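Colleague: Just dropping this structure here.
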Amino acid sequence: MGTTYGKAGVNVAAGDRFAARAKALARTTQRPEVVAGVGGFGGMFRVPPGYRRPLLVTSTDGVGTKLRVALMARRHDTIGIDLVAMNVNDILTLGAEPVVFVDYYVTDRLQPRIASAVLEGIAKGCRLAGCALIGGETAEHPGCFLEGEYDLAGFTVGVVEADEVIDGRRIAPGDLLIGLPSSGLHSNGYSLVRRICFDMAKLSLRSRPPELQDSLADELLRPTRIYVPVVLRLPRARLKGMAHITGGGMPSKLPRILPAGCTAHVRLGTWPSPGIFALLQRLGKVSRDEMFRTFNMGIGYVLVVSERDADAVLTALKRQRQPAYVIGEIRRRRRATRTPVVFETGT
């Protein structure tokens, strides 16, 4: 028998079986707007009813080198939640409701157990965000990965009313910053995390340093928090701006929503910070500024509201049992202020 695609390393039959599994999981995420989902050459959906002038909002992202920790730990059930979270939290900052999600999974040779665990996480993330998994691509690339390795990417589409877009334009001096806590590292800074924990400190994934309540593996693989269900229930008119705190931390992400002439002053000590950050700072002898330039430091999402609306927003968050902290304020930028985000000590 001559050379075949299978002999080259691609198992078409395994791919077809996995596609059937994906279709079953996608059904657990469905919304009524889905016209055609997993199984065809493309997904189709209707814009949800009730929108007068709908705008479509898109985002694409991956999970960074957090994936390497999942591979080290041989735990693949949460990384899919991270993939969804990184996308839907981004479009949420514009006030958009995520409606559909598409994933891309590529590996050397398809291993159904691993791929199914990843896909189950993606489906769970979609259910948490209220969006439908309507398609994706699973590919085998022999020779491009080590055995058992894979990579992930995701893509989401959301909808927002044209006159309800939240883009930061109304932010003004005197507005307050309300921080929503992260679940930990989320999906950023893992190149530095791995260098500190494994190269410098020689920790194992089973290690339980005093700063942590769980094993290092549990802490590093804790999934990114999905803020969609909480934020979409808030009084939209009271929200002036929102920021998803990911890579680069507050110094990188808050300026994206600040109008010219405004500075965000963040008061340190106004929120509890998970122990993983103290651990990394201690082991790596990392400066405070570097920590804030790399990690979310315990705040995964920031709302900007006027001072008069702050109590109403905090009450709405409390009704949802969502912890929230007033972490700072917006001030007029002075010429002497070199950066748009200033960290201050004290409450």
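Ligands are numbered from 1 in the order shown, chains are lettered A, B, ... in the order of the structure tokens, and residues start at 1 in each chain.
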With a distance cut-off of 9 Å and only C-alpha atoms, select the neighbouring residues of segment 53-66 of chain A, excluding the residue or stretch itself and same-chain residues fewer than 6 positions from it, and output the selection as a ChimeraX atom specification.
Modeller: /A:47,79-80,82-84,86-88,90-91,94,96-98,151-163,165,186-191,194,220-221
Colleague: Please produce a file of the residues just selected, as a compact mmCIF listing (two decimals), in the first residue's frame, where the atoms kept are C-alpha atoms.
Modeller:
```
# COMPACT_ATOMS: atom_id res chain seq x y z
CA VAL A 47 -28.91 39.42 16.07
CA ILE A 79 -7.88 26.18 30.15
CA GLY A 80 -10.95 26.36 27.90
CA ASP A 82 -9.68 30.92 30.27
CA LEU A 83 -9.98 31.01 26.50
CA VAL A 84 -13.61 32.13 26.62
CA MET A 86 -10.16 36.42 27.73
CA ASN A 87 -12.42 37.14 24.78
CA VAL A 88 -15.80 37.86 26.32
CA ASP A 90 -12.76 42.24 26.45
CA ILE A 91 -15.90 42.95 24.45
CA LEU A 94 -17.83 48.22 25.47
CA ALA A 96 -21.49 44.27 24.49
CA GLU A 97 -23.42 41.08 25.20
CA PRO A 98 -21.40 38.09 23.94
CA ASP A 151 -2.36 25.45 21.08
CA LEU A 152 -5.62 27.36 21.39
CA ALA A 153 -7.25 30.48 20.02
CA GLY A 154 -10.76 31.84 20.41
CA PHE A 155 -13.01 34.33 18.68
CA THR A 156 -16.21 35.93 19.95
CA VAL A 157 -18.92 38.21 18.60
CA GLY A 158 -21.13 40.37 20.78
CA VAL A 159 -23.89 42.93 20.28
CA VAL A 160 -24.41 46.38 21.75
CA GLU A 161 -26.96 49.10 21.05
CA ALA A 162 -25.29 51.94 19.12
CA ASP A 163 -26.35 54.59 21.62
CA VAL A 165 -21.71 51.85 23.82
CA HIS A 186 -6.08 34.84 35.34
CA SER A 187 -4.17 34.29 32.06
CA ASN A 188 -1.33 36.80 32.08
CA GLY A 189 2.27 37.01 33.18
CA TYR A 190 2.93 33.27 33.02
CA SER A 191 6.32 33.64 31.37
CA ARG A 194 7.23 30.05 35.27
CA LEU A 220 -1.76 28.54 38.63
CA LEU A 221 -4.58 26.76 36.81
```
Colleague: List as a PDB file with N, CA, C and O atoms, in the first residue's frame the protein and nucleic acid residues near segment 136-139 of chain A, meaning an atom at most 6 Å away when only C-alpha atoms are counted, but skip any in the same chain fewer than 6 places from it.
Modeller:
```pdb
ATOM      1  N   VAL A 102     -16.261  30.960  18.810  1.00  0.00           N
ATOM      2  CA  VAL A 102     -15.644  29.982  17.913  1.00  0.00           C
ATOM      3  C   VAL A 102     -14.232  29.706  18.432  1.00  0.00           C
ATOM      4  O   VAL A 102     -13.554  30.629  18.891  1.00  0.00           O
ATOM      5  N   ASP A 103     -13.804  28.448  18.377  1.00  0.00           N
ATOM      6  CA  ASP A 103     -12.479  28.102  18.885  1.00  0.00           C
ATOM      7  C   ASP A 103     -11.612  27.467  17.809  1.00  0.00           C
ATOM      8  O   ASP A 103     -12.116  26.971  16.789  1.00  0.00           O
ATOM      9  N   TYR A 104     -10.297  27.494  18.043  1.00  0.00           N
ATOM     10  CA  TYR A 104      -9.330  26.828  17.165  1.00  0.00           C
ATOM     11  C   TYR A 104      -8.392  26.023  18.038  1.00  0.00           C
ATOM     12  O   TYR A 104      -7.743  26.561  18.945  1.00  0.00           O
ATOM     13  N   TYR A 105      -8.334  24.725  17.794  1.00  0.00           N
ATOM     14  CA  TYR A 105      -7.505  23.796  18.568  1.00  0.00           C
ATOM     15  C   TYR A 105      -6.585  23.077  17.593  1.00  0.00           C
ATOM     16  O   TYR A 105      -7.048  22.439  16.643  1.00  0.00           O
ATOM     17  N   VAL A 106      -5.274  23.187  17.815  1.00  0.00           N
ATOM     18  CA  VAL A 106      -4.316  22.554  16.913  1.00  0.00           C
ATOM     19  C   VAL A 106      -3.309  21.759  17.737  1.00  0.00           C
ATOM     20  O   VAL A 106      -2.853  22.209  18.793  1.00  0.00           O
TER      21      VAL A 106
END
```
Colleague: Give the answer as one residue: which of A:Arg169, A:Arg222, A:Ile178, A:Ala217 has the shortest atom-to-atom distance to Ala73 of chain A, using only C-alpha atoms?
Modeller: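 Smallest separation from Ala73 of chain A among the options: A:Ala217.
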Colleague: Counting only C-alpha atoms, which of A:Val231, A:Arg267, A:Leu203, A:Leu67 gets nearest to Ala316 of chain A?
Modeller: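 Nearest candidate to Ala316 of chain A out of A:Val231, A:Arg267, A:Leu203, A:Leu67: A:Val231.
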Colleague: Would you pick out the contacts of Cys131 of chain A at 8 Å or less, using only C-alpha atoms, so that residues sharing its chain but fewer than 6 positions from it are not included, and give the list as a PyMOL selection string?
Modeller: chain A and resi 29-31+98-101
Colleague: Taking the backbone alone, and naming residues the way the document does, which bits of segment 49-120 of chain A are strand (DSSP E) by DSSP, as number ranges by chain?
Modeller: A: 54-61, 97-107
Colleague: For all heavy atoms, I'd like the residues from the last selection saved as a short mmCIF file (atom, residue, chain, number, x, y, z; two decimals), in the first residue's frame.
Modeller:
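Output file selection_31.cif follows:
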```cif
data_model
loop_
_atom_site.label_atom_id
_atom_site.label_comp_id
_atom_site.auth_asym_id
_atom_site.auth_seq_id
_atom_site.Cartn_x
_atom_site.Cartn_y
_atom_site.Cartn_z
N PRO A 54 -28.19 47.79 16.31
CA PRO A 54 -27.15 46.93 16.88
C PRO A 54 -25.79 47.11 16.21
O PRO A 54 -25.70 47.27 15.00
CB PRO A 54 -27.69 45.52 16.63
CG PRO A 54 -28.56 45.67 15.42
CD PRO A 54 -29.18 47.03 15.53
N LEU A 55 -24.76 47.11 17.04
CA LEU A 55 -23.39 47.06 16.56
C LEU A 55 -22.79 45.71 16.95
O LEU A 55 -23.03 45.23 18.06
CB LEU A 55 -22.55 48.18 17.18
CG LEU A 55 -22.95 49.62 16.87
CD1 LEU A 55 -22.03 50.59 17.63
CD2 LEU A 55 -22.89 49.90 15.38
N LEU A 56 -22.04 45.12 16.05
CA LEU A 56 -21.34 43.89 16.36
C LEU A 56 -19.95 44.22 16.89
O LEU A 56 -19.25 45.07 16.34
CB LEU A 56 -21.23 43.00 15.12
CG LEU A 56 -22.55 42.56 14.48
CD1 LEU A 56 -22.28 41.64 13.29
CD2 LEU A 56 -23.44 41.87 15.49
N VAL A 57 -19.55 43.53 17.95
CA VAL A 57 -18.26 43.76 18.59
C VAL A 57 -17.50 42.44 18.58
O VAL A 57 -18.06 41.40 18.95
CB VAL A 57 -18.43 44.25 20.05
CG1 VAL A 57 -17.08 44.60 20.65
CG2 VAL A 57 -19.37 45.45 20.10
N THR A 58 -16.25 42.46 18.15
CA THR A 58 -15.49 41.21 18.03
C THR A 58 -14.20 41.26 18.84
O THR A 58 -13.67 42.33 19.15
CB THR A 58 -15.12 40.91 16.56
OG1 THR A 58 -14.19 41.90 16.11
CG2 THR A 58 -16.35 40.94 15.68
N SER A 59 -13.71 40.08 19.16
CA SER A 59 -12.42 39.96 19.84
C SER A 59 -11.84 38.59 19.55
O SER A 59 -12.59 37.62 19.36
CB SER A 59 -12.57 40.15 21.35
OG SER A 59 -11.33 39.99 22.01
N THR A 60 -10.53 38.51 19.53
CA THR A 60 -9.86 37.22 19.42
C THR A 60 -8.67 37.20 20.37
O THR A 60 -8.03 38.23 20.59
CB THR A 60 -9.40 36.94 17.97
OG1 THR A 60 -8.86 35.62 17.89
CG2 THR A 60 -8.36 37.93 17.51
N ASP A 61 -8.40 36.05 20.97
CA ASP A 61 -7.33 35.96 21.96
C ASP A 61 -7.00 34.50 22.20
O ASP A 61 -7.72 33.59 21.76
CB ASP A 61 -7.76 36.63 23.27
CG ASP A 61 -6.57 37.17 24.07
OD1 ASP A 61 -5.42 36.78 23.78
OD2 ASP A 61 -6.81 37.97 24.98
N GLU A 97 -22.98 42.40 24.75
CA GLU A 97 -23.42 41.08 25.20
C GLU A 97 -22.81 40.03 24.29
O GLU A 97 -23.10 40.00 23.09
CB GLU A 97 -24.95 41.00 25.13
CG GLU A 97 -25.51 39.62 25.38
CD GLU A 97 -26.97 39.48 24.99
OE1 GLU A 97 -27.54 40.42 24.40
OE2 GLU A 97 -27.55 38.41 25.27
N PRO A 98 -21.95 39.15 24.80
CA PRO A 98 -21.40 38.09 23.94
C PRO A 98 -22.52 37.14 23.50
O PRO A 98 -23.30 36.69 24.33
CB PRO A 98 -20.39 37.38 24.84
CG PRO A 98 -20.20 38.27 26.02
CD PRO A 98 -21.46 39.05 26.18
N VAL A 99 -22.58 36.85 22.21
CA VAL A 99 -23.63 35.96 21.73
C VAL A 99 -23.10 34.66 21.13
O VAL A 99 -23.75 33.62 21.24
CB VAL A 99 -24.57 36.67 20.72
CG1 VAL A 99 -25.38 37.74 21.42
CG2 VAL A 99 -23.79 37.27 19.55
N VAL A 100 -21.92 34.70 20.49
CA VAL A 100 -21.38 33.47 19.90
C VAL A 100 -19.87 33.39 20.14
O VAL A 100 -19.20 34.41 20.36
CB VAL A 100 -21.67 33.37 18.38
CG1 VAL A 100 -23.15 33.22 18.13
CG2 VAL A 100 -21.10 34.55 17.64
N PHE A 101 -19.37 32.17 20.06
CA PHE A 101 -17.94 31.91 20.26
C PHE A 101 -17.49 30.83 19.30
O PHE A 101 -18.25 29.89 18.99
CB PHE A 101 -17.69 31.46 21.70
CG PHE A 101 -16.24 31.39 22.08
CD1 PHE A 101 -15.57 32.52 22.50
CD2 PHE A 101 -15.53 30.19 22.01
CE1 PHE A 101 -14.22 32.48 22.85
CE2 PHE A 101 -14.19 30.13 22.36
CZ PHE A 101 -13.53 31.28 22.78
N VAL A 102 -16.26 30.96 18.81
CA VAL A 102 -15.64 29.98 17.91
C VAL A 102 -14.23 29.71 18.43
O VAL A 102 -13.55 30.63 18.89
CB VAL A 102 -15.58 30.51 16.46
CG1 VAL A 102 -14.85 29.54 15.56
CG2 VAL A 102 -16.99 30.77 15.92
N ASP A 103 -13.80 28.45 18.38
CA ASP A 103 -12.48 28.10 18.88
C ASP A 103 -11.61 27.47 17.81
O ASP A 103 -12.12 26.97 16.79
CB ASP A 103 -12.59 27.13 20.07
CG ASP A 103 -13.02 25.75 19.62
OD1 ASP A 103 -14.23 25.52 19.41
OD2 ASP A 103 -12.14 24.88 19.44
N TYR A 104 -10.30 27.49 18.04
CA TYR A 104 -9.33 26.83 17.17
C TYR A 104 -8.39 26.02 18.04
O TYR A 104 -7.74 26.56 18.95
CB TYR A 104 -8.54 27.86 16.35
CG TYR A 104 -7.47 27.25 15.47
CD1 TYR A 104 -7.82 26.48 14.37
CD2 TYR A 104 -6.13 27.46 15.74
CE1 TYR A 104 -6.84 25.93 13.54
CE2 TYR A 104 -5.14 26.91 14.93
CZ TYR A 104 -5.51 26.14 13.84
OH TYR A 104 -4.54 25.59 13.03
N TYR A 105 -8.33 24.73 17.79
CA TYR A 105 -7.50 23.80 18.57
C TYR A 105 -6.59 23.08 17.59
O TYR A 105 -7.05 22.44 16.64
CB TYR A 105 -8.40 22.79 19.29
CG TYR A 105 -7.68 21.73 20.08
CD1 TYR A 105 -7.44 21.89 21.44
CD2 TYR A 105 -7.26 20.52 19.49
CE1 TYR A 105 -6.79 20.91 22.18
CE2 TYR A 105 -6.62 19.54 20.22
CZ TYR A 105 -6.39 19.74 21.57
OH TYR A 105 -5.75 18.77 22.31
N VAL A 106 -5.27 23.19 17.81
CA VAL A 106 -4.32 22.55 16.91
C VAL A 106 -3.31 21.76 17.74
O VAL A 106 -2.85 22.21 18.79
CB VAL A 106 -3.61 23.61 16.03
CG1 VAL A 106 -2.90 24.66 16.87
CG2 VAL A 106 -2.62 22.95 15.07
N THR A 107 -2.97 20.57 17.26
CA THR A 107 -2.09 19.67 18.00
C THR A 107 -1.27 18.85 17.02
O THR A 107 -1.46 18.92 15.80
CB THR A 107 -2.92 18.76 18.92
OG1 THR A 107 -2.06 17.96 19.72
CG2 THR A 107 -3.84 17.86 18.10
#
```
Colleague: Could you please determine the separation between atom CA of Arg27 of chain A and atom CA of Pro48 of chain A in Å, to one decimal place?
Modeller: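 Those two atoms sit 18.0 Å apart.
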Colleague: Using only C-alpha atoms, pick whichever of A:Ala20, A:Ile226, A:Leu216, A:Leu180 has the shortest atom-to-atom distance to Val326 of chain A.
Modeller: A:Leu180
Colleague: Atom CA of Gly135 of chain A and atom CA of Leu234 of chain A, how far apart in Å?
Modeller: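 Distance between the two atoms: 29.9 Å.
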Colleague: Hey, what does DSSP flag as helix (DSSP H, G or I) within segment 249-306 of chain A? Can you give it to me as a ChimeraX atom specification?
Modeller: /A:249-257,275-284,288-294
Colleague: Any chance you could export the current selection's N, CA and C atoms as a PDB file, in the first residue's frame?
Modeller:
```pdb
ATOM      1  N   GLY A 249      -1.254  44.847  33.207  1.00  0.00           N
ATOM      2  CA  GLY A 249      -1.894  45.340  34.407  1.00  0.00           C
ATOM      3  C   GLY A 249      -2.614  46.665  34.218  1.00  0.00           C
ATOM      4  N   MET A 250      -2.925  47.306  35.335  1.00  0.00           N
ATOM      5  CA  MET A 250      -3.628  48.591  35.283  1.00  0.00           C
ATOM      6  C   MET A 250      -2.868  49.660  34.523  1.00  0.00           C
ATOM      7  N   PRO A 251      -1.517  49.733  34.639  1.00  0.00           N
ATOM      8  CA  PRO A 251      -0.807  50.774  33.883  1.00  0.00           C
ATOM      9  C   PRO A 251      -0.991  50.665  32.379  1.00  0.00           C
ATOM     10  N   SER A 252      -1.277  49.467  31.883  1.00  0.00           N
ATOM     11  CA  SER A 252      -1.468  49.272  30.451  1.00  0.00           C
ATOM     12  C   SER A 252      -2.933  49.375  30.033  1.00  0.00           C
ATOM     13  N   LYS A 253      -3.829  48.877  30.874  1.00  0.00           N
ATOM     14  CA  LYS A 253      -5.211  48.747  30.459  1.00  0.00           C
ATOM     15  C   LYS A 253      -6.094  49.947  30.811  1.00  0.00           C
ATOM     16  N   LEU A 254      -5.895  50.581  31.954  1.00  0.00           N
ATOM     17  CA  LEU A 254      -6.726  51.745  32.290  1.00  0.00           C
ATOM     18  C   LEU A 254      -6.572  52.897  31.293  1.00  0.00           C
ATOM     19  N   PRO A 255      -5.363  53.204  30.794  1.00  0.00           N
ATOM     20  CA  PRO A 255      -5.248  54.316  29.838  1.00  0.00           C
ATOM     21  C   PRO A 255      -6.074  54.137  28.571  1.00  0.00           C
ATOM     22  N   ARG A 256      -6.442  52.927  28.231  1.00  0.00           N
ATOM     23  CA  ARG A 256      -7.228  52.695  27.016  1.00  0.00           C
ATOM     24  C   ARG A 256      -8.587  53.386  27.064  1.00  0.00           C
ATOM     25  N   ILE A 257      -9.103  53.640  28.263  1.00  0.00           N
ATOM     26  CA  ILE A 257     -10.433  54.234  28.362  1.00  0.00           C
ATOM     27  C   ILE A 257     -10.400  55.660  28.897  1.00  0.00           C
ATOM     28  N   GLY A 275      -2.767  35.589  47.612  1.00  0.00           N
ATOM     29  CA  GLY A 275      -1.425  35.277  48.076  1.00  0.00           C
ATOM     30  C   GLY A 275      -0.430  34.960  46.988  1.00  0.00           C
ATOM     31  N   ILE A 276      -0.907  34.555  45.809  1.00  0.00           N
ATOM     32  CA  ILE A 276       0.019  34.207  44.736  1.00  0.00           C
ATOM     33  C   ILE A 276       0.900  35.392  44.362  1.00  0.00           C
ATOM     34  N   PHE A 277       0.374  36.606  44.494  1.00  0.00           N
ATOM     35  CA  PHE A 277       1.171  37.777  44.119  1.00  0.00           C
ATOM     36  C   PHE A 277       2.276  38.037  45.137  1.00  0.00           C
ATOM     37  N   ALA A 278       1.961  37.861  46.419  1.00  0.00           N
ATOM     38  CA  ALA A 278       2.998  38.011  47.455  1.00  0.00           C
ATOM     39  C   ALA A 278       4.066  36.944  47.285  1.00  0.00           C
ATOM     40  N   LEU A 279       3.653  35.730  46.915  1.00  0.00           N
ATOM     41  CA  LEU A 279       4.605  34.648  46.703  1.00  0.00           C
ATOM     42  C   LEU A 279       5.564  34.978  45.562  1.00  0.00           C
ATOM     43  N   LEU A 280       5.024  35.431  44.448  1.00  0.00           N
ATOM     44  CA  LEU A 280       5.860  35.745  43.289  1.00  0.00           C
ATOM     45  C   LEU A 280       6.805  36.900  43.594  1.00  0.00           C
ATOM     46  N   GLN A 281       6.306  37.898  44.305  1.00  0.00           N
ATOM     47  CA  GLN A 281       7.155  39.042  44.627  1.00  0.00           C
ATOM     48  C   GLN A 281       8.293  38.631  45.547  1.00  0.00           C
ATOM     49  N   ARG A 282       7.977  37.750  46.504  1.00  0.00           N
ATOM     50  CA  ARG A 282       9.019  37.293  47.441  1.00  0.00           C
ATOM     51  C   ARG A 282      10.060  36.421  46.746  1.00  0.00           C
ATOM     52  N   LEU A 283       9.609  35.422  46.019  1.00  0.00           N
ATOM     53  CA  LEU A 283      10.541  34.485  45.400  1.00  0.00           C
ATOM     54  C   LEU A 283      11.384  35.135  44.306  1.00  0.00           C
ATOM     55  N   GLY A 284      10.769  36.042  43.556  1.00  0.00           N
ATOM     56  CA  GLY A 284      11.473  36.641  42.429  1.00  0.00           C
ATOM     57  C   GLY A 284      12.124  37.969  42.734  1.00  0.00           C
ATOM     58  N   ARG A 288       7.609  46.429  43.216  1.00  0.00           N
ATOM     59  CA  ARG A 288       6.171  46.701  43.189  1.00  0.00           C
ATOM     60  C   ARG A 288       5.726  47.181  41.815  1.00  0.00           C
ATOM     61  N   ASP A 289       6.494  48.091  41.220  1.00  0.00           N
ATOM     62  CA  ASP A 289       6.114  48.621  39.910  1.00  0.00           C
ATOM     63  C   ASP A 289       6.066  47.520  38.862  1.00  0.00           C
ATOM     64  N   GLU A 290       7.041  46.610  38.915  1.00  0.00           N
ATOM     65  CA  GLU A 290       7.063  45.514  37.951  1.00  0.00           C
ATOM     66  C   GLU A 290       5.888  44.572  38.154  1.00  0.00           C
ATOM     67  N   MET A 291       5.511  44.341  39.412  1.00  0.00           N
ATOM     68  CA  MET A 291       4.346  43.507  39.692  1.00  0.00           C
ATOM     69  C   MET A 291       3.091  44.109  39.061  1.00  0.00           C
ATOM     70  N   PHE A 292       2.903  45.399  39.224  1.00  0.00           N
ATOM     71  CA  PHE A 292       1.702  46.054  38.686  1.00  0.00           C
ATOM     72  C   PHE A 292       1.756  46.191  37.174  1.00  0.00           C
ATOM     73  N   ARG A 293       2.955  46.209  36.597  1.00  0.00           N
ATOM     74  CA  ARG A 293       3.074  46.269  35.132  1.00  0.00           C
ATOM     75  C   ARG A 293       2.874  44.914  34.480  1.00  0.00           C
ATOM     76  N   THR A 294       2.852  43.854  35.292  1.00  0.00           N
ATOM     77  CA  THR A 294       2.756  42.498  34.742  1.00  0.00           C
ATOM     78  C   THR A 294       1.427  41.825  35.073  1.00  0.00           C
TER      79      THR A 294
END
```
Colleague: Atom CA of Thr224 of chain A and atom CA of Ala129 of chain A, how far apart in Å?
Modeller: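 Going from atom CA of Ala129 of chain A over to atom CA of Thr224 of chain A covers 12.0 Å.
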Colleague: Need to verify the contact set: Asp175 of chain A, 10 Å, only C-alpha atoms, exclusion of same-chain residues closer than 6 positions in sequence. Can you return it as a list in words?
Modeller: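 Result of the neighbour search: Lys240, Ala264, Val304, Val305, Ser306, Glu307, Arg308, Asp309, Ala310, Gly328, Glu329, Ile330 and Arg331 of chain A.
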Colleague: Put those residues in a file: N, CA, C and O atoms, as a JSON list (two decimals), in the first residue's frame.
Modeller:
```
[["chain", "number", "residue", "atom", "x", "y", "z"],
["A", 240, "LYS", "N", -19.53, 54.66, 33.03],
["A", 240, "LYS", "CA", -18.86, 55.56, 32.09],
["A", 240, "LYS", "C", -17.74, 54.89, 31.32],
["A", 240, "LYS", "O", -17.41, 55.29, 30.20],
["A", 264, "ALA", "N", -5.79, 58.29, 36.18],
["A", 264, "ALA", "CA", -6.39, 57.38, 37.16],
["A", 264, "ALA", "C", -5.47, 57.27, 38.36],
["A", 264, "ALA", "O", -4.31, 56.88, 38.21],
["A", 304, "VAL", "N", -15.73, 52.52, 35.89],
["A", 304, "VAL", "CA", -15.59, 53.95, 36.18],
["A", 304, "VAL", "C", -16.99, 54.54, 36.23],
["A", 304, "VAL", "O", -17.76, 54.44, 35.26],
["A", 305, "VAL", "N", -17.33, 55.14, 37.37],
["A", 305, "VAL", "CA", -18.67, 55.72, 37.58],
["A", 305, "VAL", "C", -18.52, 57.09, 38.21],
["A", 305, "VAL", "O", -17.51, 57.42, 38.82],
["A", 306, "SER", "N", -19.56, 57.91, 38.07],
["A", 306, "SER", "CA", -19.54, 59.21, 38.75],
["A", 306, "SER", "C", -19.68, 58.99, 40.24],
["A", 306, "SER", "O", -20.22, 57.97, 40.69],
["A", 307, "GLU", "N", -19.23, 59.95, 41.02],
["A", 307, "GLU", "CA", -19.32, 59.83, 42.47],
["A", 307, "GLU", "C", -20.77, 59.67, 42.93],
["A", 307, "GLU", "O", -21.07, 58.90, 43.84],
["A", 308, "ARG", "N", -21.69, 60.38, 42.27],
["A", 308, "ARG", "CA", -23.09, 60.31, 42.68],
["A", 308, "ARG", "C", -23.74, 58.97, 42.33],
["A", 308, "ARG", "O", -24.75, 58.59, 42.93],
["A", 309, "ASP", "N", -23.17, 58.24, 41.36],
["A", 309, "ASP", "CA", -23.74, 56.95, 40.96],
["A", 309, "ASP", "C", -23.05, 55.77, 41.65],
["A", 309, "ASP", "O", -23.50, 54.62, 41.51],
["A", 310, "ALA", "N", -22.00, 56.03, 42.38],
["A", 310, "ALA", "CA", -21.20, 54.93, 42.95],
["A", 310, "ALA", "C", -22.02, 54.07, 43.90],
["A", 310, "ALA", "O", -21.95, 52.83, 43.84],
["A", 328, "GLY", "N", -10.03, 53.94, 43.78],
["A", 328, "GLY", "CA", -9.36, 55.16, 43.37],
["A", 328, "GLY", "C", -10.31, 56.12, 42.70],
["A", 328, "GLY", "O", -11.53, 55.98, 42.78],
["A", 329, "GLU", "N", -9.72, 57.10, 42.01],
["A", 329, "GLU", "CA", -10.53, 58.13, 41.37],
["A", 329, "GLU", "C", -9.83, 58.69, 40.15],
["A", 329, "GLU", "O", -8.62, 58.47, 39.94],
["A", 330, "ILE", "N", -10.59, 59.42, 39.36],
["A", 330, "ILE", "CA", -10.07, 60.11, 38.19],
["A", 330, "ILE", "C", -9.76, 61.55, 38.57],
["A", 330, "ILE", "O", -10.57, 62.23, 39.21],
["A", 331, "ARG", "N", -8.59, 62.02, 38.19],
["A", 331, "ARG", "CA", -8.21, 63.41, 38.43],
["A", 331, "ARG", "C", -7.74, 64.06, 37.13],
["A", 331, "ARG", "O", -7.39, 63.38, 36.17]]
```
Colleague: Kindly indicate which residue among A:Ala123, A:Arg225, A:Tyr325, A:Ala115 lies nearest to Ser182 of chain A, using only C-alpha atoms for the distances.
Modeller: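 Between A:Ala123, A:Arg225, A:Tyr325, A:Ala115, the residue approaching Ser182 of chain A most closely is A:Arg225.
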